[in-house]
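K.L.:
Below is the structure I would like to discuss, written out as structure tokens.
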Amino acid sequence: MKRKSELVVPLLFVAAAPLVVYSVQRVFLHTPNERTMGTAFKIFFFHVPMGWLCMLMALISGIAAYVQLRRRSRTAGAVALAAAEIGFLGGLGVLLTGPIWGHATWGTPWTGDARQVTTALLWLVIAAYLLLRHFGQHASERLAAALAIFGAVNVPLIYYAVKLWKTTHPTTGVVAKLPPEMWATFWPGLAALLLVSFGLFAIRARQLILAGELDEAYVRLEDSRA
Amino acid sequence: MTPIAPPVLITGLAFHAEPPPAEVGDYVPAVGTSREEKEILATLEDKAAAKTASDYQHIVWAYGILWALFAAYGLFLWRRSARLRADVDVLRRALERTEAGGGPRG
């Protein structure tokens with residue numbers, strides 16, 4: 001019989017499946033076009049959640065990396081790495097869909113505004129963290145953890161970039177001002193994305209913890225043979 | 001003759017005032033938009049508005065990229081799981097061999 005914790009991941013995907021179908025059919029069939037941007041505005045319904053996912057995962061990764069540094073916890077290290085991978089995915093998603101949307105509405109994929117630049121910076125920091133964790137020597141884990149913390153500190157900067165500097169992005173209150181029919185499309189889409197992402201995150205974190213335990217078991221076995 | 005009040009006189013002067021003389025060679029005749037040009041412009045604007053309201057190319061690309069990213073990551077996780085399972089099997093066999101051979105010496 002499976003442990004209760006092992007049922008969490010399948011439950012996340014089972015809960016996400018109808019939400020994905022519902023949100024996609026709402027985006028394409030039931031959500032009206034925005035008056036000036038037309039169909040291109042519909043990118044918003046997954047572009048913004050991907051941005052939020054990237055920031056959330058960068059925060060989780062930074063906090064876990066801090067715990068890893070303080071307590072030398074292998075589990076925290078696994079959580080930080082898994083969160084960074086999902087954050088990398090979210091960042092890549094937002095940095096690819098943003099220019100597509102920008103090309104359709106601004107006439108240019110990249111305006112170099114504050115939110116774009118800070119998001120790109122966070123994504124590069126996450127990429128550097130992942131490279132260090134995957135290819136660095138054992139001692140580089142501390143440097144990698146510091147990078148993850150730096151990434152987490154960058155998150156409020158992305159959020160407030162539209163208030164601090166001139167930007168082509170809308171202000172922070174845009175989601176709250178959505179009309180009801182767009183509101184009803186946005187939240188199920190966000191929920192679906194978060195459920196899928198946390199499912200993948202849980203799988204990856206468990207894989208990393210298991211890989212660490214396997215390494216230890218091999219070392220003990222070799223020691224016992226010596 | 002009716003006397004003209006000063007404000008009316010000033011207004012009248014203002015209406016009859018000539019524009020300041022242009023420098024020689026500065027004169028540019030005002031050219032209006034012809035009816036044909038206006039019709040072409042209106043047609044183009046209508047076409048652009050219709051395209052904005054019905055062109056799903058951008059959104060299909062954006063969603064396609066997102067789903068491809070998640071599918072690729074799912075595949076990566078699946079392959080990692082398979083490799084881990086293989087590693088566990090190798091370890092299990094190694095442990096069984098060690099136990100069959102009289103257990104660890106250390």
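In the structure tokens, chains take the letters A, B, ... in the order shown, each chain's residues start at 1, and ligands count up from 1 in the order shown.
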Within 9 Å of chain B, which residues of chain A show up when using only C-alpha atoms, listed as a count of residues only?

P.N.:
42

K.L.:
When you draw a straight line from atom CA of Gly189 of chain A to atom CA of Val21 of chain A, how long is it in Å?

P.N.:
9.2 Å

K.L.:
Which residues, written as an mmCIF file with C-alpha atoms, in the first residue's frame, have at least one atom at most 12 Å from Trp183 of chain A, with only C-alpha atoms counted and residues fewer than 4 positions away on the same chain left out?

P.N.:
```cif
data_model
loop_
_atom_site.group_PDB
_atom_site.id
_atom_site.type_symbol
_atom_site.label_atom_id
_atom_site.label_comp_id
_atom_site.auth_asym_id
_atom_site.auth_seq_id
_atom_site.Cartn_x
_atom_site.Cartn_y
_atom_site.Cartn_z
ATOM 1 C CA SER A 23 -8.926 27.254 -18.632
ATOM 2 C CA ARG A 26 -12.170 29.519 -21.676
ATOM 3 C CA VAL A 27 -9.181 31.334 -23.167
ATOM 4 C CA HIS A 30 -15.326 32.203 -23.982
ATOM 5 C CA THR A 31 -13.029 35.081 -23.088
ATOM 6 C CA PRO A 32 -13.679 38.221 -25.142
ATOM 7 C CA PHE A 44 -1.708 37.278 -20.710
ATOM 8 C CA PHE A 45 -3.596 34.324 -19.162
ATOM 9 C CA VAL A 174 -3.763 45.003 -13.551
ATOM 10 C CA VAL A 175 -5.045 41.575 -12.421
ATOM 11 C CA ALA A 176 -7.318 43.124 -9.791
ATOM 12 C CA LYS A 177 -8.864 45.394 -12.446
ATOM 13 C CA LEU A 178 -9.739 42.591 -14.881
ATOM 14 C CA PRO A 179 -13.412 42.409 -15.923
ATOM 15 C CA TRP A 187 -7.585 32.190 -11.811
ATOM 16 C CA PRO A 188 -8.354 28.633 -13.044
ATOM 17 C CA GLY A 189 -5.369 28.938 -15.404
ATOM 18 C CA LEU A 190 -3.128 30.059 -12.570
#
```

K.L.:
From the options A:Met55, A:Thr167, A:Gly102, A:Gly212, which residue's atoms come nearest to Ala120 of chain A, counting only C-alpha atoms?

P.N.:
A:Met55
